[in-house]
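Each remark here refers to the structure printed beneath this line.
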Amino acid sequence: MTRSDAEPKARGALGYGTDLEAPGMLWAALVRSPIPHGRIVRMDLSAARKLPGVVAVVGPDELRTLLPKGALEADQPIFPLDEIRYRGEPIAAVAAETLEQARRAAAAVVPEVESLRVDARIEDVFPEWPSEAAAKDPRVVGHVHARHGDVEAKFRNAELVHSETYRTPGVHQMALEPHACLAEVHEGTFRVRTSTQTPFGLREDLASILGIPESRVIVEGTWVGGGFGGKGAMLLEPFALLLALASGRPVKLSLTYAEEFELGRTTLPSIIRLDTAVQGGRIVGRRVRLLLDSGASLPGRDFAVGYSIGFLLGPYRTETYEIEGFAVQTNKPPFGPHRAPFAPQSVFALESHLDGLARRLSEDPIAFRQRHAWHAGDRTAYDQPVGPFGLEAGLQAAARTAGVWRTGLPAGHGIGVACGFWSTGVGAGGEARLRLQPDGLVILEGEREIGNGSVVHGLAVVAGRVLGLPIESIRVEYGDTATAPFDSGVFGSRTLGALGQAVEKAARSIASTLATRVEAKEVRLETKGGQVVVVAGRRRQKLVDLLTPKERAAGGIEAAGKYYGPERKVDESRVVAGTVYPYQDFVASVHLVEVEVDRETGHVRVVRYAAFQDVGTAVDPADVAGQVEGGVVMGLGTALSEEMLWTPDARLANPGLLDYRVPRLQDVPPIQVELIEGFAGAGPFGAKGIGEPPIIPVPAAVANAVADATGTRVFELPLTPERVARALKLL
Amino acid sequence: MNEGPLAFTLNGKPRRFERVPDAERLLDTLRWRAGLKGTKEGCRTGGCGACTVLVNGEPTLSCLVLSHEVAQEKVTTIEGLSTEKVGRRVIEAFAEAGAVQCGYCTPGFVVALAAQLGSGTPPPSVETLLEGLEGNLCRCTGYCAIRKAVETAREATR
Amino acid sequence: MGLLARSPAGEVAVLGGGTDLLFDLDMARIAPKRVLSLRKLPWRYLRWEAKALVIGSTLPLGALERDEKVRTRLPGLWEAVRDVGGPALRNRATLGGNLGHGSPASDLIPILLALDARARIVGPSGVRELPVDMLLQESRRTTLGPAELIESVILPVSAPSSYLWQRVQPVNDISQVGVATAVVPEGPHWRIALGGVQPRARRLSEAEAMLRSVRPSHFEVELAAQEAARRAEFVTDKRATEAYRRRLVTVLVRRAIQTTLERMPKAWPPRKGAP
């Protein structure tokens, strides 16, 4: 099945945020803080206002003069009112007739600043592992502590304790399209068109930060040139809207790649400590300590540490554990979600750790995992029942392939395996509205396709399967937050699983309406000559002939479906502090990789890759394979070359493609994708979300393969040639 | 800096733009003056290939070309290629291979590939065609489906 | 040339392929009032003479990459050119531009040094030729006069050669180090030139001196590689530490010499008087 957006995109016919344009449009540029931490003593915007072409300049004062009181009372107002918390934080904004003029004007604003002490890294806040009392430090913006069982006893009586520390760097989503939006304010309505994964979430956040009711905010999504979590939150829209309000004209704001890197909310560095107690060859206890750099996040805003800590126990039976994580505030942009937020990093640590432990016990790495892996019916660390889970099936398939690859493995080559586990997000939920017209089905959507196909294609496939309609007669129509039904957004691999269920319900409702109308038990739909035909047994009738006058006037039969997932709970008695998150479903990824390591230079070449993915049901296998391939390659970037490099004064040293290296065509090995079906997820037809699971085990698999090839483990990502060379003691 | 008139052939038609500054990039002239948004703006530093157009039939990074450098030359964008046979075949190949996810990189890939396939028979090998795409970045597909699209397009344009 | 001669320093930027210049404009490293394009000059050529290849300075690198004769007769040059940036970038980037820009990380300068390349310069006072080695001063500075332009680069074609580099990614990346080697019939035979070193790419005569014959022994090669690593000056930057660059040079010099040896025809060097 070919996606309906593929051909128009390929010929450049569809518009993204960067393509937005409106008559009378102004171009915006941001004034950004020259220091990472401090206060603005004085900022004179008149220097900018005087320059040619400049129409509006806004700063903290304009929050007071142009917006309601609420704008000043927001947790994080549009412009910082007192404290600058990261280098490059926007402190003012300019709108001018040309982009050149706007940038020149922005550069002309030179604030007088007073610097405060800079926390550039985790170690600047905590030079060693913090005690629980440290949770009271104001720079701890998130803290989680959970435990179960007698950890001390297990470690005391262990026959072996395996202890390691891992480090991971910041990585960036690096979507090809930078953030971009176009804002207009008319008669008190704030309207923004923007490249976003979450129009409704954005509406809520914009209303809050502008101090206005949600009903006065309209968000319309454009086609998105890649999100990967980076376009799931408010970023540019408040500045553009404020400038539109101040100037009375439409305002376009987009970021350069350097600004994308310097401003983007993404995965930040971490330090992870794992201790595992072993008795009788089995894991009997685990201690986890996690320090997560949270950038300039505010207290209570952190979700990552509570979410991530569970992945450091992994999909393995762990009765006795103590886990503690701190999200630490530093002077960098706030932490934000990247594809499978922080899971590739957690899993890098855990799966490397397990791999090393297996070797220490002289056990086959796959067999060792099999002995501990969850099966349906096991309980998670938070005492949830494990649902249908393809981990065992994945491990068996990986074992077979590993056996084949090992035969005749050349010198200097190594094989690594790693397991990832993910839980499909639900968000708050979602609603879908469908309209069956005489010529086909329309799905009304509030958010655009971000690239993975889940909106423009996945939802259509679901509806088509329920109703029997061919995909060519189904189309998705895009509204805005004022006209389209609510949905939480495209993130967390949730679209097919959650919104897909809403679509399924609505489709079934239409089918049921038609069945009643033709007095049959069930109906199927077909198309003939561009017309929808209702088939019940041997009777065939054109839909148009079955519509009531009211339906005819409305254009067709309308139906709505809602999905607000079941509430799942954790055993709170295991939680000492903070919040841990329950899992919605259980999605396994088992990956195998062969590498060749150049023992003289440390260069790692990926020879071949096999991904065994637990998908529940592959609603469109080609589409699903595309997600797996894309996730694996993105993971190879995290594994081998992607890292954000900050200087001691919290400046990003590599804000661009030249020194932030993402995978290229030549870097990609042959990738074998095997979809494991039969372990049903909660989505339509038993589908599980697939957007994020494939990236998760990649760095760990590569690290384990390098360890296999060289006998040496690297404890830090990425495995650049220099880092591997260092581990091999070549320097 | 100065500004002045600029005339060149765009997608087969003579075009003229007035008061084009010396410093303007071809990418911006195409997108904002000619209104052809199919050529995408990415890194603006020649690293991603999203801005690829053809200048005298050769793939060129339009973000690294000053517009006045193409005076009197022939420029072809994705909009022009999509009306030509080779361009159409390449577009179809990409669509059918599942090589279009977010689609932001796709016009750049199509232009770079169409230039190689349109340059006479027999077509270059798949490996050579892929080498010609080394400057194009994709973040969504992992390049796997793109390889398939290249194979299909090569067959379709023999 | 008149324009260049008349204008104050820094006011006019010379545009060859533009791939370095536009980058510098964006980074605001330079802010010229005018840009002078060399596009219309008749310097876009490749000319094989009896014993040399003359490359016009505004010939795009892509033309060199696609030339079969360049690939077979000057493999080191071809290896240096073929992975600079990406294919579309090579349709604009020029040898003259790369040389004139003089970046220490340039992939092209080491092979030009190893091949004893000369540059032909035109200026208000006429035409002059000088070895590329004398054209380069230090990082990003040449000995060109204010109104002088590089018209062409002249490369002798008798020497088997090779160029190896190390980067994190094979293309669209800048080399951490680059090693060019070439061997000529007359002694001293070997040239070893390094890129990615301070203050600029250069030949390492001390390392070259370790290779006493056209076909050196394995031990001589090891010593040459060691000496190259010892003598060169490296910096630590975003791309690599000094220690890692040093290590890479040891490995790459050895491999580059081996590659050049493999390219050497059995009956080489040709005896004097032989065709």
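Letters A, B, ... go to the chains of the structure tokens in the order shown; residues in each chain start at 1; ligands are counted from 1 in the same order.
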inquiry  = Based on only C-alpha atoms, which of the residues in chain C come within 9 Å of chain B? I want them as a PyMOL selection string.
reply    = chain C and resi 17-23+25-26+32-35+37+39+85-92+171-173
request  = Find the residues in chain A near chain B: any atom within 7 Å counts, using only C-alpha atoms. Write them as a ChimeraX atom specification.
outcome  = /A:2,6-7,9-13,19,175-177,224-226,257,450-453,626,629-630,633,657,664-665
For chain A against chain C, with a cut-off of 12 Å and counting only C-alpha atoms, what is the closest atom pair and its distance in Å to one decimal for every residue that makes the cut, ordered by chain and number, as a tab-separated table?
residue	atom	partner	partner_atom	distance
A:Glu100	CA	C:Asp26	CA	11.6
A:Arg104	CA	C:Ala28	CA	11.9
A:Thr256	CA	C:Asp26	CA	11.2
A:Ala258	CA	C:Met27	CA	10.7
A:Asp598	CA	C:Val251	CA	10.8
A:Arg599	CA	C:Val251	CA	10.4
A:Glu600	CA	C:Val251	CA	6.8
A:Thr601	CA	C:Leu248	CA	6.3
A:Gly602	CA	C:Leu248	CA	9.6
A:His603	CA	C:Val168	CA	8.0
A:Val604	CA	C:Val168	CA	9.7
A:Arg605	CA	C:Gln169	CA	10.4
A:Gly637	CA	C:Gln169	CA	10.6
A:Leu640	CA	C:Val168	CA	8.9
A:Ser641	CA	C:Val168	CA	7.3
A:Glu642	CA	C:Val168	CA	10.4
A:Glu643	CA	C:Lys238	CA	11.1
A:Met644	CA	C:Lys238	CA	10.6
A:Leu645	CA	C:Lys238	CA	8.1
A:Trp646	CA	C:Lys238	CA	10.3
A:Thr647	CA	C:Lys238	CA	10.4
A:Leu652	CA	C:Lys238	CA	11.0
A:Ala653	CA	C:Lys238	CA	7.6
A:Asn654	CA	C:Lys238	CA	7.7
A:Pro655	CA	C:Lys238	CA	11.5
A:Gly656	CA	C:Asp173	CA	11.7
A:Leu657	CA	C:Asn172	CA	8.9
A:Leu658	CA	C:Asp173	CA	6.3
A:Asp659	CA	C:Arg239	CA	7.4
A:Tyr660	CA	C:Asp173	CA	9.9
A:Arg661	CA	C:Gln169	CA	7.5
A:Val662	CA	C:Gln169	CA	8.9
A:Pro663	CA	C:Gln169	CA	8.2
A:Arg664	CA	C:Val171	CA	8.1
A:Leu665	CA	C:Val171	CA	9.4
A:Gln666	CA	C:Pro170	CA	7.5
A:Asp667	CA	C:Gln169	CA	7.6
A:Val668	CA	C:Gln169	CA	11.4
A:Pro718	CA	C:Val168	CA	11.2
A:Leu719	CA	C:Val168	CA	10.3
A:Thr720	CA	C:Val168	CA	6.9
A:Pro721	CA	C:Val168	CA	6.8
A:Glu722	CA	C:Tyr244	CA	6.4
A:Arg723	CA	C:Tyr244	CA	9.4
A:Val724	CA	C:Tyr244	CA	10.7
A:Ala725	CA	C:Tyr244	CA	7.9
A:Arg726	CA	C:Tyr244	CA	8.4
A:Lys729	CA	C:Tyr244	CA	10.9
A:Leu730	CA	C:Arg247	CA	7.4
A:Leu731	CA	C:Ala243	CA	6.1
inquiry  = Need the shell around Ala180 in chain C: protein/DNA/RNA residues with any atom at most 12 Å away, counting only C-alpha atoms. Skip same-chain ones fewer than 2 positions apart. Format as JSON, numbers by chain?
reply    = {"C": [74, 75, 76, 77, 78, 79, 80, 106, 107, 108, 109, 110, 111, 112, 113, 114, 115, 116, 160, 161, 162, 163, 164, 165, 166, 177, 178, 182, 183, 190, 191, 192, 193, 194, 195, 196, 201, 202, 203, 204, 208, 228, 249, 252, 253, 254, 255, 256, 257, 258, 259, 260]}
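Note that the spacing between CA of Asn331 in chain A and CA of Ala296 in chain A amounts to 5.6 Å.
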inquiry  = Could you pull out the strand (DSSP E) residues of range 131-269 of chain C, going by DSSP on the backbone, and write them as a ChimeraX atom specification?
reply    = /C:131,136-138,141-142,149-156,161-166,177-183,190-195,202-203
inquiry  = When you look at range 183-185 of chain A with a cut-off of 7 Å (counting only C-alpha atoms), what residues show up, excluding the ones that are within fewer than 3 positions of it in the same chain? I need them as a list in words.
reply    =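 My list of contacting residues is Gly188, Thr189, Phe190, Arg191, Val192, Arg193, Ala240, Leu241, Ala244, Leu245, Gly248, Arg249, Pro250, Val251 and Lys252 of chain A.
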Selected residues, N, CA and C atoms, written as a compact mmCIF listing (two decimals), in the first residue's frame, please.
# COMPACT_ATOMS: atom_id res chain seq x y z
N GLY A 188 -8.30 39.64 18.89
CA GLY A 188 -8.17 38.87 20.13
C GLY A 188 -8.01 37.38 19.94
N THR A 189 -8.01 36.90 18.70
CA THR A 189 -7.76 35.47 18.48
C THR A 189 -6.31 35.28 18.07
N PHE A 190 -5.64 34.41 18.78
CA PHE A 190 -4.21 34.15 18.54
C PHE A 190 -4.11 32.87 17.72
N ARG A 191 -3.71 33.02 16.47
CA ARG A 191 -3.69 31.87 15.58
C ARG A 191 -2.26 31.58 15.13
N VAL A 192 -1.86 30.36 15.25
CA VAL A 192 -0.51 30.03 14.81
C VAL A 192 -0.52 28.75 13.97
N ARG A 193 0.16 28.81 12.84
CA ARG A 193 0.39 27.61 12.04
C ARG A 193 1.82 27.20 12.32
N ALA A 240 6.54 34.35 18.30
CA ALA A 240 5.88 34.77 17.06
C ALA A 240 4.54 35.42 17.34
N LEU A 241 3.79 34.85 18.27
CA LEU A 241 2.47 35.41 18.59
C LEU A 241 2.59 36.79 19.24
N ALA A 244 3.36 39.17 16.58
CA ALA A 244 2.18 39.41 15.74
C ALA A 244 1.23 40.37 16.44
N LEU A 245 1.11 40.19 17.74
CA LEU A 245 0.25 41.09 18.53
C LEU A 245 0.82 42.50 18.50
N GLY A 248 0.72 43.81 14.60
CA GLY A 248 -0.52 43.77 13.85
C GLY A 248 -0.38 43.08 12.50
N ARG A 249 0.72 42.35 12.31
CA ARG A 249 0.93 41.67 11.02
C ARG A 249 1.31 40.22 11.28
N PRO A 250 1.19 39.38 10.22
CA PRO A 250 1.64 37.99 10.41
C PRO A 250 3.15 37.96 10.62
N VAL A 251 3.61 37.06 11.46
CA VAL A 251 5.04 36.97 11.78
C VAL A 251 5.52 35.54 11.57
N LYS A 252 6.58 35.40 10.81
CA LYS A 252 7.20 34.09 10.54
C LYS A 252 8.47 33.96 11.36
